[in-house]
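A short worksheet on the structure shown next.
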Amino acid sequence: MSGMNREDWGSLAAFAVVAEERSFTRAAARLGVSPSALSHTMRRLEERLHIQLLARSTRSVSTTEAGERLLARLRPAIEEISGAVEDLGRLLGRPSGRIRITASRTAARMVIAPALRRFIERYPEIVVEVLIEPGLTDIVARRFDAGIRLGESLEKDVVAVPVTGPLRMAVVGAPRYFASHAKPSTPQDLRQHRCINFRLPSAGTIYKWEFEKASRKVEVGVDGPLVFDDEEMVLSAAQSGVGLAYLIEDQVASLLRAGALSRVLEDWCPPFPGFFLYYPGRRQASPALAALIDAIRVPARARKGR
């Protein structure tokens, strides 16, 4: 093969993104091109290198042995280039660059969304990309800068920064529902109620409602007419009076204050560790990520005060 040209360098960078995302659709969205154009670019690269780098199927894309070996050699170079770009930001005297964050839908709504307007006004040179993913993500393999998940689900080898205080769950229903149903006094009473179930998007299983009181822990598999994998739909159904919902307290606080929802079994819902932003322990946070952490982290006094 003859020497590399400018097109080849761009194609190699694109190949790294496809290999990490394992999807032309996701990689194309990340690169700002169409999936068909990206697929064409990969085929041209393979033709030029005279070797297949990607194994394609109707549902996914994976690297061949040759592709995996090439990716292993490319990653250090890409990280070096990313570091050089960050150094330019330091010369500017202010953070710059792109931050890729993976978060659950609830975490994105509770933690990231409220801070974004002020953050992008303060740091116009930073681009924040947030990908909504229900399950835990390998942020190193997928080249995310950080993730946001509940503290109880994190591995021990990550740097975890609290971005909410402790949270509590809440069992809620609309006044219209309680007009014809007696309020439950124990978790077991929920078996006689219409409840709105939540299917965990990552595991595909129905989430059992968890309770604790005086060191006694109880899990209840509830029944009802509706099952959703989106918490906004669960909340909407509860507001309409269809049945009871089990949601994070902060998600329903304003509705409770307004009287649109009523809470039951509050003494069975103790606090638990909230959301944390996490990144690999062996990697120092970039200036851009450090700026975002400062914007969304919860001060120690606020965490203790909840």
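Ordering of the structure tokens sets the chain letters (A, B, ...); residue numbers start at 1 within each chain; ligands are numbered from 1 in the order shown.
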Checklist line | Those in segment 35-227 of chain A with strand (DSSP E or B) from DSSP, as an MDAnalysis selection string | finding: chainID A and resid 54:56 61:63 97:103 126:132 146:150 158:162 167 169:173 195:199 206 209:213 216:220 226:227
Note to self: Give me the residues near Gly147 of chain A as a list of chain:residue names, where near means some atom within 9 Å (using only C-alpha atoms) and where sequence neighbours in that chain fewer than 2 positions away do not count.
What the structure shows: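 Counting only the stated atoms, we get A:Arg100, A:Ile101, A:Thr102, A:Ala103, A:Ser104, A:Leu136, A:Thr137, A:Ile139, A:Phe144, A:Asp145, A:Arg149, A:Phe276, A:Leu277, A:Tyr278, A:Tyr279.
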Note to self: According to DSSP computed on the backbone, where in segment 140-195 of chain A is there alpha helix (DSSP H)? Give the residues as a ChimeraX atom specification.
What the structure shows: /A:175-178
Mind writing the picked residues with all heavy atoms as a PDB file, in the first residue's frame?
```pdb
ATOM      1  N   PRO A 175     -55.683  12.187  43.458  1.00  0.00           N
ATOM      2  CA  PRO A 175     -56.884  12.237  44.307  1.00  0.00           C
ATOM      3  C   PRO A 175     -58.041  11.463  43.702  1.00  0.00           C
ATOM      4  O   PRO A 175     -58.826  10.835  44.429  1.00  0.00           O
ATOM      5  CB  PRO A 175     -57.186  13.734  44.390  1.00  0.00           C
ATOM      6  CG  PRO A 175     -55.855  14.394  44.197  1.00  0.00           C
ATOM      7  CD  PRO A 175     -55.121  13.528  43.212  1.00  0.00           C
ATOM      8  N   ARG A 176     -58.141  11.487  42.380  1.00  0.00           N
ATOM      9  CA  ARG A 176     -59.211  10.753  41.690  1.00  0.00           C
ATOM     10  C   ARG A 176     -59.114   9.258  41.968  1.00  0.00           C
ATOM     11  O   ARG A 176     -60.139   8.572  42.137  1.00  0.00           O
ATOM     12  CB  ARG A 176     -59.098  11.028  40.195  1.00  0.00           C
ATOM     13  CG  ARG A 176     -60.080  10.273  39.324  1.00  0.00           C
ATOM     14  CD  ARG A 176     -59.861  10.644  37.863  1.00  0.00           C
ATOM     15  NE  ARG A 176     -60.689   9.865  36.969  1.00  0.00           N
ATOM     16  CZ  ARG A 176     -60.648   9.942  35.642  1.00  0.00           C
ATOM     17  NH1 ARG A 176     -59.818  10.805  35.075  1.00  0.00           N
ATOM     18  NH2 ARG A 176     -61.428   9.194  34.901  1.00  0.00           N
ATOM     19  N   TYR A 177     -57.897   8.727  42.043  1.00  0.00           N
ATOM     20  CA  TYR A 177     -57.725   7.298  42.331  1.00  0.00           C
ATOM     21  C   TYR A 177     -58.114   6.997  43.772  1.00  0.00           C
ATOM     22  O   TYR A 177     -58.837   6.027  44.052  1.00  0.00           O
ATOM     23  CB  TYR A 177     -56.273   6.880  42.069  1.00  0.00           C
ATOM     24  CG  TYR A 177     -56.004   5.439  42.411  1.00  0.00           C
ATOM     25  CD1 TYR A 177     -56.329   4.422  41.523  1.00  0.00           C
ATOM     26  CD2 TYR A 177     -55.458   5.080  43.646  1.00  0.00           C
ATOM     27  CE1 TYR A 177     -56.107   3.085  41.842  1.00  0.00           C
ATOM     28  CE2 TYR A 177     -55.232   3.758  43.982  1.00  0.00           C
ATOM     29  CZ  TYR A 177     -55.560   2.757  43.067  1.00  0.00           C
ATOM     30  OH  TYR A 177     -55.348   1.438  43.387  1.00  0.00           O
ATOM     31  N   PHE A 178     -57.648   7.829  44.712  1.00  0.00           N
ATOM     32  CA  PHE A 178     -57.925   7.561  46.112  1.00  0.00           C
ATOM     33  C   PHE A 178     -59.377   7.836  46.490  1.00  0.00           C
ATOM     34  O   PHE A 178     -59.829   7.430  47.562  1.00  0.00           O
ATOM     35  CB  PHE A 178     -56.990   8.390  46.999  1.00  0.00           C
ATOM     36  CG  PHE A 178     -55.567   7.893  46.983  1.00  0.00           C
ATOM     37  CD1 PHE A 178     -54.535   8.717  46.577  1.00  0.00           C
ATOM     38  CD2 PHE A 178     -55.273   6.595  47.361  1.00  0.00           C
ATOM     39  CE1 PHE A 178     -53.227   8.264  46.564  1.00  0.00           C
ATOM     40  CE2 PHE A 178     -53.968   6.118  47.348  1.00  0.00           C
ATOM     41  CZ  PHE A 178     -52.949   6.954  46.948  1.00  0.00           C
TER      42      PHE A 178
END
```
Checklist line | Distance criterion (only C-alpha atoms): nearest to Arg191 of chain A out of A:Val220, A:Glu210, A:Gly204, A:Leu265 | finding: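 Using only C-alpha atoms, the shortest distance to Arg191 of chain A belongs to A:Val220.
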Item checked: Surrounding residues of Ala108 of chain A excluding itself and chain neighbours under 3 positions, 8 Å, only C-alpha atoms, as a ChimeraX atom specification -> /A:103-105,111-113,130,132,148
Item checked: Non-local contacts of segment 23-30 of chain A (8 Å; only C-alpha atoms; under 3 positions in same chain excluded) as a list in words -> Ala14, Val17, Val18, Ala19, Val33, Ser34, Pro35, Leu38, Ser39, Ser60 and Val61 of chain A
